[in-house]
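J.: I have a structure I would like to understand better, so I am pasting it below and will then ask my questions one at a time.
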Amino acid sequence: MATPKALVAGNWKMNGVTENLVEIEKLNDLLGQGAPGCDVLICPPFTLIHQSMQVAGDHVEIGAQDCHANIAGAHTGDISAAMLTDQGCKYVIVAHSERRTDHGETNEMVRGKADAAQKEGLTAIICVGETEAERDAGDALPVVTSQVRESIPAEAVVANTVVAYEPVWAIGTGRTPTTADVAEVHAAVREVLIERFGTEGANVRILYGGSVKPENARELMSVDNVNGALVGGASLKADSFYGIIQAYD
Ligand code: PGA
């Protein structure tokens, strides 16, 4: 499969109630002014997925922020990949660092979730990234490449896999790595993807995430092997998210 369009994905995290749906509606209107040069996705909380689908229009895809590794069963409070496809989702984020931290998710658990998502026909956005202590110790590359080796299921192809490199210390902090550091990590991720998945690995999208804003998006998105962005805070408002998407004008 050839290289797909870049992907700019918004992760609303545990933010958003009904009144915030207006931002998705507004985003769709803004995108309607001219076809964006990238795919656009919003991952609202589970409670807003259904209503988001109603207002997303033609230009915004709706996805989810997590799924369970099993398709159904006695797992109170969890959501399965089958439930997400049932709601019309095409994407699900797995392995966000907040889930790795808050819920102790390991690479093996993440691989199980991604596998369940892919088997249900979803594209799994699989997050990787080093902590500040790991970067300071000079371990960013080994940490990230081992996450890529261990978190991505063996059947990964372009159509069902996106990788998001999110340095943990850059998430929600306003700090970003230098473009040289982003280039270095993305090149290392690409190398592992090619080694594991051949030409599919050469075309899997690798997103950068962590304090992406309209002001830095163009520079970050122009780095080699950066095929889009995963955006937290700046995705909550249509105007700022649209400002990031415009990096792909
Ligand atoms: P941020 O979050 O854009 O608010 O830094 C990114 C993310 O966690 O996906």
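Residues in the structure tokens are named by chain (A, B, ... in the order shown) and by number from 1 within that chain; ligands are numbered from 1 in the order shown.
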Compile the contact shell of region 137-140 of chain A as a list of chain:residue names: residues with an atom at most 10 Å away, counting only C-alpha atoms, same-chain residues fewer than 5 positions apart removed.
T.: A:Gly129, A:Glu130, A:Thr131, A:Glu132, A:Thr145, A:Pro167, A:Asp181, A:Glu184, A:Val185
J.: Would you mind exporting the chosen residues as a compact mmCIF listing (two decimals), in the first residue's frame, restricted to N, CA and C atoms?
T.:
# COMPACT_ATOMS: atom_id res chain seq x y z
N GLY A 129 7.05 6.32 23.66
CA GLY A 129 7.74 7.55 24.06
C GLY A 129 8.50 7.37 25.35
N GLU A 130 9.62 8.07 25.47
CA GLU A 130 10.47 7.94 26.65
C GLU A 130 10.09 8.97 27.72
N THR A 131 10.40 8.66 28.97
CA THR A 131 10.23 9.63 30.05
C THR A 131 11.42 10.59 30.03
N GLU A 132 11.31 11.64 30.83
CA GLU A 132 12.42 12.59 30.90
C GLU A 132 13.67 11.92 31.47
N THR A 145 12.49 2.21 20.67
CA THR A 145 12.53 1.12 19.68
C THR A 145 12.07 -0.20 20.31
N PRO A 167 7.08 11.90 23.40
CA PRO A 167 7.95 11.93 24.58
C PRO A 167 7.11 12.32 25.80
N ASP A 181 16.07 16.07 17.37
CA ASP A 181 15.73 14.93 18.22
C ASP A 181 14.51 14.18 17.68
N GLU A 184 15.63 12.14 14.76
CA GLU A 184 16.41 10.96 15.17
C GLU A 184 15.51 9.82 15.63
N VAL A 185 14.52 10.17 16.47
CA VAL A 185 13.64 9.11 16.99
C VAL A 185 12.75 8.56 15.86
J.: Using only C-alpha atoms and all ligand atoms, I'd like a table of the residues in chain A that come within 8 Å of ligand 1; for each, show the closest atom pair and its distance in Å rounded to one decimal, ordered by chain and ascending number, as CSV.
T.:
residue,atom,partner,partner_atom_place_in_ligand_line,distance
A:Gly10,CA,ligand 1,9 (O),7.3
A:Asn11,CA,ligand 1,9 (O),5.7
A:Lys13,CA,ligand 1,8 (O),7.9
A:His96,CA,ligand 1,8 (O),7.0
A:Ser97,CA,ligand 1,8 (O),7.5
A:Glu98,CA,ligand 1,8 (O),7.6
A:Glu166,CA,ligand 1,7 (C),7.0
A:Ala170,CA,ligand 1,5 (O),6.0
A:Ile171,CA,ligand 1,5 (O),3.5
A:Gly172,CA,ligand 1,5 (O),3.6
A:Thr173,CA,ligand 1,5 (O),6.3
A:Gly174,CA,ligand 1,5 (O),6.8
A:Gly209,CA,ligand 1,6 (C),5.2
A:Gly210,CA,ligand 1,5 (O),3.8
A:Ser211,CA,ligand 1,5 (O),3.5
A:Val212,CA,ligand 1,3 (O),5.2
A:Lys213,CA,ligand 1,3 (O),7.4
A:Leu230,CA,ligand 1,9 (O),5.1
A:Val231,CA,ligand 1,3 (O),4.0
A:Gly232,CA,ligand 1,2 (O),3.4
A:Gly233,CA,ligand 1,4 (O),3.8
A:Ala234,CA,ligand 1,3 (O),6.0
A:Ser235,CA,ligand 1,3 (O),7.5
J.: Could you write out that same residue set with N, CA, C and O atoms as a short mmCIF file (atom, residue, chain, number, x, y, z; two decimals), in the first residue's frame?
T.:
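Now in part24.cif:
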data_model
loop_
_atom_site.label_atom_id
_atom_site.label_comp_id
_atom_site.auth_asym_id
_atom_site.auth_seq_id
_atom_site.Cartn_x
_atom_site.Cartn_y
_atom_site.Cartn_z
N GLY A 10 -6.80 14.32 17.14
CA GLY A 10 -7.01 15.01 18.40
C GLY A 10 -7.45 14.02 19.47
O GLY A 10 -8.33 13.20 19.23
N ASN A 11 -6.80 14.10 20.61
CA ASN A 11 -7.12 13.23 21.75
C ASN A 11 -7.71 14.11 22.84
O ASN A 11 -6.98 14.88 23.46
N LYS A 13 -8.89 13.21 25.62
CA LYS A 13 -8.64 12.67 26.97
C LYS A 13 -9.94 12.73 27.78
O LYS A 13 -11.02 12.57 27.21
N HIS A 96 -1.53 5.01 25.19
CA HIS A 96 -1.13 6.37 25.54
C HIS A 96 -0.32 6.31 26.84
O HIS A 96 -0.61 5.50 27.71
N SER A 97 0.65 7.19 26.98
CA SER A 97 1.52 7.12 28.17
C SER A 97 0.71 7.31 29.45
O SER A 97 1.07 6.80 30.51
N GLU A 98 -0.41 8.05 29.35
CA GLU A 98 -1.25 8.21 30.55
C GLU A 98 -1.88 6.88 30.95
O GLU A 98 -2.11 6.63 32.13
N GLU A 166 5.42 10.03 21.29
CA GLU A 166 5.08 11.10 22.23
C GLU A 166 6.05 11.05 23.42
O GLU A 166 5.85 10.24 24.34
N ALA A 170 7.04 15.80 27.12
CA ALA A 170 6.54 16.88 26.25
C ALA A 170 5.01 16.96 26.27
O ALA A 170 4.44 17.91 25.74
N ILE A 171 4.36 15.98 26.90
CA ILE A 171 2.89 15.95 26.88
C ILE A 171 2.32 16.94 27.88
O ILE A 171 2.58 16.85 29.08
N GLY A 172 1.58 17.91 27.37
CA GLY A 172 0.90 18.87 28.24
C GLY A 172 1.82 19.83 28.96
O GLY A 172 1.40 20.52 29.89
N THR A 173 3.08 19.89 28.56
CA THR A 173 4.04 20.72 29.29
C THR A 173 4.43 21.99 28.54
O THR A 173 5.08 22.87 29.11
N GLY A 174 4.09 22.06 27.26
CA GLY A 174 4.53 23.19 26.46
C GLY A 174 5.96 23.03 25.97
O GLY A 174 6.47 23.88 25.25
N GLY A 209 3.68 13.57 18.80
CA GLY A 209 2.75 14.15 19.77
C GLY A 209 3.48 14.69 20.97
O GLY A 209 4.54 14.18 21.36
N GLY A 210 2.91 15.73 21.57
CA GLY A 210 3.51 16.36 22.74
C GLY A 210 3.63 17.84 22.51
O GLY A 210 4.53 18.30 21.82
N SER A 211 2.65 18.61 23.07
CA SER A 211 2.66 20.08 22.98
C SER A 211 2.69 20.61 21.55
O SER A 211 3.33 21.63 21.28
N VAL A 212 2.00 19.92 20.64
CA VAL A 212 1.86 20.46 19.28
C VAL A 212 0.83 21.59 19.33
O VAL A 212 -0.25 21.44 19.92
N LYS A 213 1.17 22.71 18.69
CA LYS A 213 0.31 23.89 18.67
C LYS A 213 0.36 24.48 17.27
O LYS A 213 1.27 24.15 16.50
N LEU A 230 -0.36 13.86 16.89
CA LEU A 230 -1.36 13.47 17.88
C LEU A 230 -1.40 14.63 18.88
O LEU A 230 -0.38 14.98 19.48
N VAL A 231 -2.57 15.24 19.01
CA VAL A 231 -2.69 16.52 19.70
C VAL A 231 -3.66 16.39 20.87
O VAL A 231 -4.77 15.90 20.70
N GLY A 232 -3.23 16.83 22.04
CA GLY A 232 -4.10 16.82 23.20
C GLY A 232 -4.78 18.17 23.37
O GLY A 232 -5.75 18.49 22.70
N GLY A 233 -4.23 19.00 24.26
CA GLY A 233 -4.85 20.28 24.63
C GLY A 233 -5.32 21.12 23.45
O GLY A 233 -6.46 21.64 23.48
N ALA A 234 -4.51 21.25 22.43
CA ALA A 234 -4.86 22.14 21.31
C ALA A 234 -5.94 21.55 20.40
O ALA A 234 -6.36 22.20 19.45
N SER A 235 -6.38 20.31 20.69
CA SER A 235 -7.47 19.75 19.86
C SER A 235 -8.85 20.04 20.43
O SER A 235 -9.86 19.76 19.81
#
J.: Region 112-122 of chain A: which residues within 9 Å, counting only C-alpha atoms, same-chain residues fewer than 3 positions away excluded, as number ranges by chain?
T.: A: 66-71, 80-82, 84-85, 89-95, 107-109, 125-126, 151-156, 159-161
J.: Can you tell me how far CA of Glu195 (chain A) sits from CA of Thr3 (chain A), in Å to one decimal?
T.: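 A separation of 17.1 Å between them.
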J.: Show me, as a list in words, the residues that have an atom within 9 Å of Asp239 (chain A) when counting only C-alpha atoms, minus same-chain residues fewer than 2 positions from it.
T.: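 Counting only the stated atoms, we get Glu23, Lys26, Leu27, Leu30, Ala234, Ser235, Leu236, Lys237, Phe241, Tyr242, Gly243 and Ile244 of chain A.
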J.: Could you save those same residues with C-alpha atoms as a short mmCIF file (atom, residue, chain, number, x, y, z; two decimals), in the first residue's frame?
T.:
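Generated output (result_21.cif):
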data_model
loop_
_atom_site.label_atom_id
_atom_site.label_comp_id
_atom_site.auth_asym_id
_atom_site.auth_seq_id
_atom_site.Cartn_x
_atom_site.Cartn_y
_atom_site.Cartn_z
CA GLU A 23 -16.18 22.38 18.46
CA LYS A 26 -17.14 24.03 13.84
CA LEU A 27 -14.06 22.05 12.83
CA LEU A 30 -13.70 25.10 8.78
CA ALA A 234 -4.86 22.14 21.31
CA SER A 235 -7.47 19.75 19.86
CA LEU A 236 -10.17 20.85 22.29
CA LYS A 237 -10.90 24.05 20.37
CA PHE A 241 -6.81 22.36 16.01
CA TYR A 242 -7.54 23.81 12.58
CA GLY A 243 -4.41 25.95 12.96
CA ILE A 244 -2.39 22.73 13.31
#
J.: Counting only C-alpha atoms, what is within 10 Å of region 225-228 of chain A, bar same-chain residues fewer than 4 positions away, as a PyMOL selection string?
T.: chain A and resi 3-9+38-40+162-165+182-190+202-209+217+220-221+244-245+247-248
J.: Those residues with N, CA, C and O atoms, as a compact mmCIF listing (two decimals), in the first residue's frame please?
T.:
# COMPACT_ATOMS: atom_id res chain seq x y z
N THR A 3 2.01 5.26 0.51
CA THR A 3 1.94 6.12 1.69
C THR A 3 0.58 6.81 1.76
O THR A 3 0.18 7.47 0.81
N PRO A 4 -0.13 6.65 2.86
CA PRO A 4 -1.40 7.36 2.99
C PRO A 4 -1.16 8.84 3.30
O PRO A 4 -0.03 9.24 3.58
N LYS A 5 -2.24 9.61 3.25
CA LYS A 5 -2.15 11.03 3.66
C LYS A 5 -1.69 11.11 5.10
O LYS A 5 -1.92 10.19 5.88
N ALA A 6 -1.10 12.24 5.46
CA ALA A 6 -0.76 12.46 6.87
C ALA A 6 -2.05 12.42 7.70
O ALA A 6 -3.15 12.58 7.16
N LEU A 7 -1.89 12.22 9.00
CA LEU A 7 -3.05 12.15 9.91
C LEU A 7 -2.84 13.15 11.05
O LEU A 7 -1.80 13.11 11.72
N VAL A 8 -3.80 14.05 11.23
CA VAL A 8 -3.76 14.92 12.40
C VAL A 8 -4.91 14.47 13.31
O VAL A 8 -6.09 14.55 12.93
N ALA A 9 -4.54 13.92 14.47
CA ALA A 9 -5.51 13.30 15.37
C ALA A 9 -5.59 14.09 16.67
O ALA A 9 -4.56 14.45 17.24
N CYS A 38 -4.60 16.48 4.77
CA CYS A 38 -4.35 15.37 5.69
C CYS A 38 -5.68 14.80 6.15
O CYS A 38 -6.72 15.44 5.97
N ASP A 39 -5.65 13.61 6.72
CA ASP A 39 -6.84 13.06 7.36
C ASP A 39 -6.98 13.71 8.73
O ASP A 39 -5.97 14.02 9.37
N VAL A 40 -8.22 13.91 9.16
CA VAL A 40 -8.47 14.59 10.43
C VAL A 40 -9.34 13.69 11.31
O VAL A 40 -10.38 13.19 10.87
N VAL A 162 -0.99 2.87 13.05
CA VAL A 162 -0.33 4.17 13.08
C VAL A 162 0.51 4.16 14.35
O VAL A 162 0.07 3.64 15.39
N VAL A 163 1.72 4.68 14.29
CA VAL A 163 2.55 4.79 15.49
C VAL A 163 2.58 6.27 15.89
O VAL A 163 2.64 7.15 15.01
N ALA A 164 2.48 6.55 17.18
CA ALA A 164 2.61 7.94 17.64
C ALA A 164 3.78 8.03 18.61
O ALA A 164 3.78 7.37 19.65
N TYR A 165 4.78 8.82 18.23
CA TYR A 165 5.91 9.07 19.14
C TYR A 165 5.57 10.27 20.00
O TYR A 165 5.42 11.39 19.49
N VAL A 182 13.52 14.94 17.20
CA VAL A 182 12.34 14.29 16.61
C VAL A 182 12.77 13.47 15.39
O VAL A 182 12.38 12.30 15.24
N ALA A 183 13.62 14.05 14.55
CA ALA A 183 14.08 13.34 13.35
C ALA A 183 14.81 12.05 13.72
O ALA A 183 14.63 11.00 13.10
N GLU A 184 15.63 12.14 14.76
CA GLU A 184 16.41 10.96 15.17
C GLU A 184 15.51 9.82 15.63
O GLU A 184 15.67 8.67 15.22
N VAL A 185 14.52 10.17 16.47
CA VAL A 185 13.64 9.11 16.99
C VAL A 185 12.75 8.56 15.86
O VAL A 185 12.59 7.34 15.73
N HIS A 186 12.20 9.45 15.04
CA HIS A 186 11.32 8.96 13.97
C HIS A 186 12.08 8.07 12.99
O HIS A 186 11.54 7.08 12.49
N ALA A 187 13.34 8.42 12.72
CA ALA A 187 14.15 7.58 11.82
C ALA A 187 14.38 6.21 12.44
O ALA A 187 14.32 5.17 11.76
N ALA A 188 14.60 6.18 13.76
CA ALA A 188 14.83 4.90 14.45
C ALA A 188 13.55 4.05 14.45
O ALA A 188 13.58 2.83 14.25
N VAL A 189 12.40 4.73 14.64
CA VAL A 189 11.11 4.00 14.60
C VAL A 189 10.90 3.44 13.20
O VAL A 189 10.52 2.27 13.02
N ARG A 190 11.19 4.25 12.20
CA ARG A 190 11.01 3.80 10.80
C ARG A 190 11.86 2.57 10.52
O ARG A 190 11.42 1.61 9.88
N ALA A 202 7.50 0.67 5.79
CA ALA A 202 8.05 1.90 5.19
C ALA A 202 6.96 2.96 5.04
O ALA A 202 7.26 4.15 4.92
N ASN A 203 5.69 2.51 5.02
CA ASN A 203 4.59 3.45 4.77
C ASN A 203 3.65 3.67 5.94
O ASN A 203 2.73 4.49 5.85
N VAL A 204 3.85 2.94 7.04
CA VAL A 204 3.03 3.17 8.24
C VAL A 204 3.26 4.61 8.70
O VAL A 204 4.39 5.10 8.72
N ARG A 205 2.16 5.30 9.05
CA ARG A 205 2.32 6.69 9.49
C ARG A 205 2.89 6.75 10.91
O ARG A 205 2.46 6.02 11.79
N ILE A 206 3.85 7.64 11.08
CA ILE A 206 4.44 7.89 12.40
C ILE A 206 4.09 9.32 12.78
O ILE A 206 4.56 10.28 12.15
N LEU A 207 3.24 9.46 13.80
CA LEU A 207 2.83 10.80 14.25
C LEU A 207 3.79 11.28 15.33
O LEU A 207 4.35 10.49 16.08
N TYR A 208 3.94 12.61 15.41
CA TYR A 208 4.61 13.19 16.57
C TYR A 208 3.52 13.75 17.50
O TYR A 208 2.56 14.38 17.02
N GLY A 209 3.68 13.57 18.80
CA GLY A 209 2.75 14.15 19.77
C GLY A 209 3.48 14.69 20.97
O GLY A 209 4.54 14.18 21.36
N ALA A 217 3.49 23.67 14.69
CA ALA A 217 3.07 22.51 13.88
C ALA A 217 3.82 22.42 12.55
O ALA A 217 4.29 21.35 12.16
N LEU A 220 7.38 21.12 13.08
CA LEU A 220 7.43 19.72 13.49
C LEU A 220 6.97 18.79 12.37
O LEU A 220 7.54 17.72 12.15
N MET A 221 5.93 19.22 11.64
CA MET A 221 5.37 18.36 10.59
C MET A 221 6.28 18.27 9.36
O MET A 221 6.09 17.42 8.50
N ILE A 244 -3.39 23.81 13.46
CA ILE A 244 -2.39 22.73 13.31
C ILE A 244 -2.58 22.02 11.96
O ILE A 244 -1.61 21.77 11.24
N ILE A 245 -3.83 21.74 11.64
CA ILE A 245 -4.14 21.04 10.37
C ILE A 245 -3.61 21.84 9.18
O ILE A 245 -3.18 21.28 8.17
N ALA A 247 -0.94 23.15 8.76
CA ALA A 247 0.45 22.80 8.41
C ALA A 247 0.47 21.97 7.13
O ALA A 247 1.49 21.86 6.47
N TYR A 248 -0.67 21.34 6.82
CA TYR A 248 -0.75 20.49 5.62
C TYR A 248 -1.49 21.17 4.46
O TYR A 248 -1.99 20.49 3.58
J.: Using DSSP secondary structure from the backbone, list all alpha helix (DSSP H) positions within region 155-230 of chain A, as number ranges by chain.
T.: A: 179-203, 214-221
J.: Would you put the residues from that selection into a file with N, CA, C and O atoms, as a CSV table (one decimal), in the first residue's frame?
T.:
chain,number,residue,atom,x,y,z
A,179,THR,N,13.9,19.7,16.6
A,179,THR,CA,13.5,19.0,15.4
A,179,THR,C,14.6,17.9,15.1
A,179,THR,O,14.2,16.8,14.6
A,180,ALA,N,15.8,18.1,15.5
A,180,ALA,CA,16.9,17.1,15.3
A,180,ALA,C,16.5,15.9,16.1
A,180,ALA,O,16.7,14.7,15.7
A,181,ASP,N,16.1,16.1,17.4
A,181,ASP,CA,15.7,14.9,18.2
A,181,ASP,C,14.5,14.2,17.7
A,181,ASP,O,14.5,12.9,17.7
A,182,VAL,N,13.5,14.9,17.2
A,182,VAL,CA,12.3,14.3,16.6
A,182,VAL,C,12.8,13.5,15.4
A,182,VAL,O,12.4,12.3,15.2
A,183,ALA,N,13.6,14.0,14.6
A,183,ALA,CA,14.1,13.3,13.3
A,183,ALA,C,14.8,12.1,13.7
A,183,ALA,O,14.6,11.0,13.1
A,184,GLU,N,15.6,12.1,14.8
A,184,GLU,CA,16.4,11.0,15.2
A,184,GLU,C,15.5,9.8,15.6
A,184,GLU,O,15.7,8.7,15.2
A,185,VAL,N,14.5,10.2,16.5
A,185,VAL,CA,13.6,9.1,17.0
A,185,VAL,C,12.8,8.6,15.9
A,185,VAL,O,12.6,7.3,15.7
A,186,HIS,N,12.2,9.4,15.0
A,186,HIS,CA,11.3,9.0,14.0
A,186,HIS,C,12.1,8.1,13.0
A,186,HIS,O,11.5,7.1,12.5
A,187,ALA,N,13.3,8.4,12.7
A,187,ALA,CA,14.1,7.6,11.8
A,187,ALA,C,14.4,6.2,12.4
A,187,ALA,O,14.3,5.2,11.8
A,188,ALA,N,14.6,6.2,13.8
A,188,ALA,CA,14.8,4.9,14.4
A,188,ALA,C,13.5,4.1,14.4
A,188,ALA,O,13.6,2.8,14.3
A,189,VAL,N,12.4,4.7,14.6
A,189,VAL,CA,11.1,4.0,14.6
A,189,VAL,C,10.9,3.4,13.2
A,189,VAL,O,10.5,2.3,13.0
A,190,ARG,N,11.2,4.3,12.2
A,190,ARG,CA,11.0,3.8,10.8
A,190,ARG,C,11.9,2.6,10.5
A,190,ARG,O,11.4,1.6,9.9
A,191,GLU,N,13.1,2.6,11.0
A,191,GLU,CA,14.0,1.5,10.8
A,191,GLU,C,13.4,0.2,11.4
A,191,GLU,O,13.4,-0.9,10.7
A,192,VAL,N,12.9,0.2,12.6
A,192,VAL,CA,12.3,-1.0,13.2
A,192,VAL,C,11.1,-1.4,12.4
A,192,VAL,O,10.8,-2.6,12.2
A,193,LEU,N,10.3,-0.4,12.0
A,193,LEU,CA,9.0,-0.8,11.2
A,193,LEU,C,9.4,-1.5,9.9
A,193,LEU,O,8.8,-2.5,9.5
A,194,ILE,N,10.5,-1.0,9.2
A,194,ILE,CA,10.9,-1.6,8.0
A,194,ILE,C,11.4,-3.0,8.3
A,194,ILE,O,11.1,-4.0,7.6
A,195,GLU,N,12.2,-3.1,9.3
A,195,GLU,CA,12.8,-4.4,9.7
A,195,GLU,C,11.7,-5.4,10.0
A,195,GLU,O,11.8,-6.6,9.6
A,196,ARG,N,10.6,-5.0,10.7
A,196,ARG,CA,9.6,-5.9,11.0
A,196,ARG,C,8.5,-6.1,9.9
A,196,ARG,O,8.0,-7.2,9.8
A,197,PHE,N,8.2,-5.1,9.2
A,197,PHE,CA,7.1,-5.2,8.3
A,197,PHE,C,7.4,-4.8,6.8
A,197,PHE,O,6.5,-4.7,6.0
A,198,GLY,N,8.6,-4.7,6.5
A,198,GLY,CA,9.0,-4.5,5.1
A,198,GLY,C,8.4,-3.2,4.5
A,198,GLY,O,8.4,-2.2,5.1
A,199,THR,N,7.8,-3.3,3.3
A,199,THR,CA,7.3,-2.1,2.6
A,199,THR,C,6.1,-1.6,3.3
A,199,THR,O,5.9,-0.4,3.3
A,200,GLU,N,5.4,-2.4,4.0
A,200,GLU,CA,4.3,-1.9,4.8
A,200,GLU,C,4.8,-1.0,5.9
A,200,GLU,O,4.4,0.2,6.1
A,201,GLY,N,5.9,-1.4,6.5
A,201,GLY,CA,6.6,-0.6,7.6
A,201,GLY,C,7.1,0.7,7.1
A,201,GLY,O,7.2,1.7,7.8
A,202,ALA,N,7.5,0.7,5.8
A,202,ALA,CA,8.0,1.9,5.2
A,202,ALA,C,7.0,3.0,5.0
A,202,ALA,O,7.3,4.2,4.9
A,203,ASN,N,5.7,2.5,5.0
A,203,ASN,CA,4.6,3.4,4.8
A,203,ASN,C,3.6,3.7,5.9
A,203,ASN,O,2.7,4.5,5.8
A,214,PRO,N,-0.6,25.4,17.0
A,214,PRO,CA,-0.5,26.0,15.6
A,214,PRO,C,0.9,26.7,15.4
A,214,PRO,O,1.4,26.6,14.3
A,215,GLU,N,1.5,27.2,16.4
A,215,GLU,CA,2.8,27.9,16.3
A,215,GLU,C,4.0,27.0,15.9
A,215,GLU,O,5.0,27.5,15.4
A,216,ASN,N,3.9,25.8,16.4
A,216,ASN,CA,5.1,24.9,16.1
A,216,ASN,C,4.8,23.8,15.1
A,216,ASN,O,5.6,23.0,14.8
A,217,ALA,N,3.5,23.7,14.7
A,217,ALA,CA,3.1,22.5,13.9
A,217,ALA,C,3.8,22.4,12.6
A,217,ALA,O,4.3,21.4,12.2
A,218,ARG,N,4.0,23.6,11.9
A,218,ARG,CA,4.6,23.5,10.6
A,218,ARG,C,6.0,23.0,10.6
A,218,ARG,O,6.4,22.2,9.8
A,219,GLU,N,6.7,23.5,11.6
A,219,GLU,CA,8.1,23.0,11.8
A,219,GLU,C,8.2,21.5,12.1
A,219,GLU,O,9.0,20.8,11.5
A,220,LEU,N,7.4,21.1,13.1
A,220,LEU,CA,7.4,19.7,13.5
A,220,LEU,C,7.0,18.8,12.4
A,220,LEU,O,7.5,17.7,12.1
A,221,MET,N,5.9,19.2,11.6
A,221,MET,CA,5.4,18.4,10.6
A,221,MET,C,6.3,18.3,9.4
A,221,MET,O,6.1,17.4,8.5
J.: Please compute the CA of Ala124 (chain A)-CA of Ala72 (chain A) distance, one decimal, in Å.
T.: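 Separating CA of Ala124 (chain A) from CA of Ala72 (chain A) is a distance of 18.2 Å.
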J.: DSSP on the backbone, then: every residue of region 37-206 of chain A marked strand (DSSP E or B), written as a list in words.
T.: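 Strand (DSSP E or B) assignments inside region 37-206 of chain A correspond to Cys38, Asp39, Val40, Leu41, Ile42, Cys43, Glu61, Ile62, Ala64, His68, Ser80, Tyr91, Val92, Ile93, Val94, Thr123, Ala124, Ile125, Ile126, Cys127, Val128, Thr161, Val162, Val163, Ala164, Tyr165, Arg205 and Ile206 of chain A.
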J.: Would you work out the distance separating CA of Leu31 (chain A) from CA of Val60 (chain A), expressed in Å to one decimal?
T.: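 Computed distance, CA of Leu31 (chain A) to CA of Val60 (chain A), equals 8.3 Å.
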J.: For Leu21 (chain A), work out the shell of residues within 9 Å, counting only C-alpha atoms and skipping chain neighbours fewer than 3 positions away, then give it as an MDAnalysis selection string.
T.: chainID A and resid 16:18 24:26 48 51:52 55:56
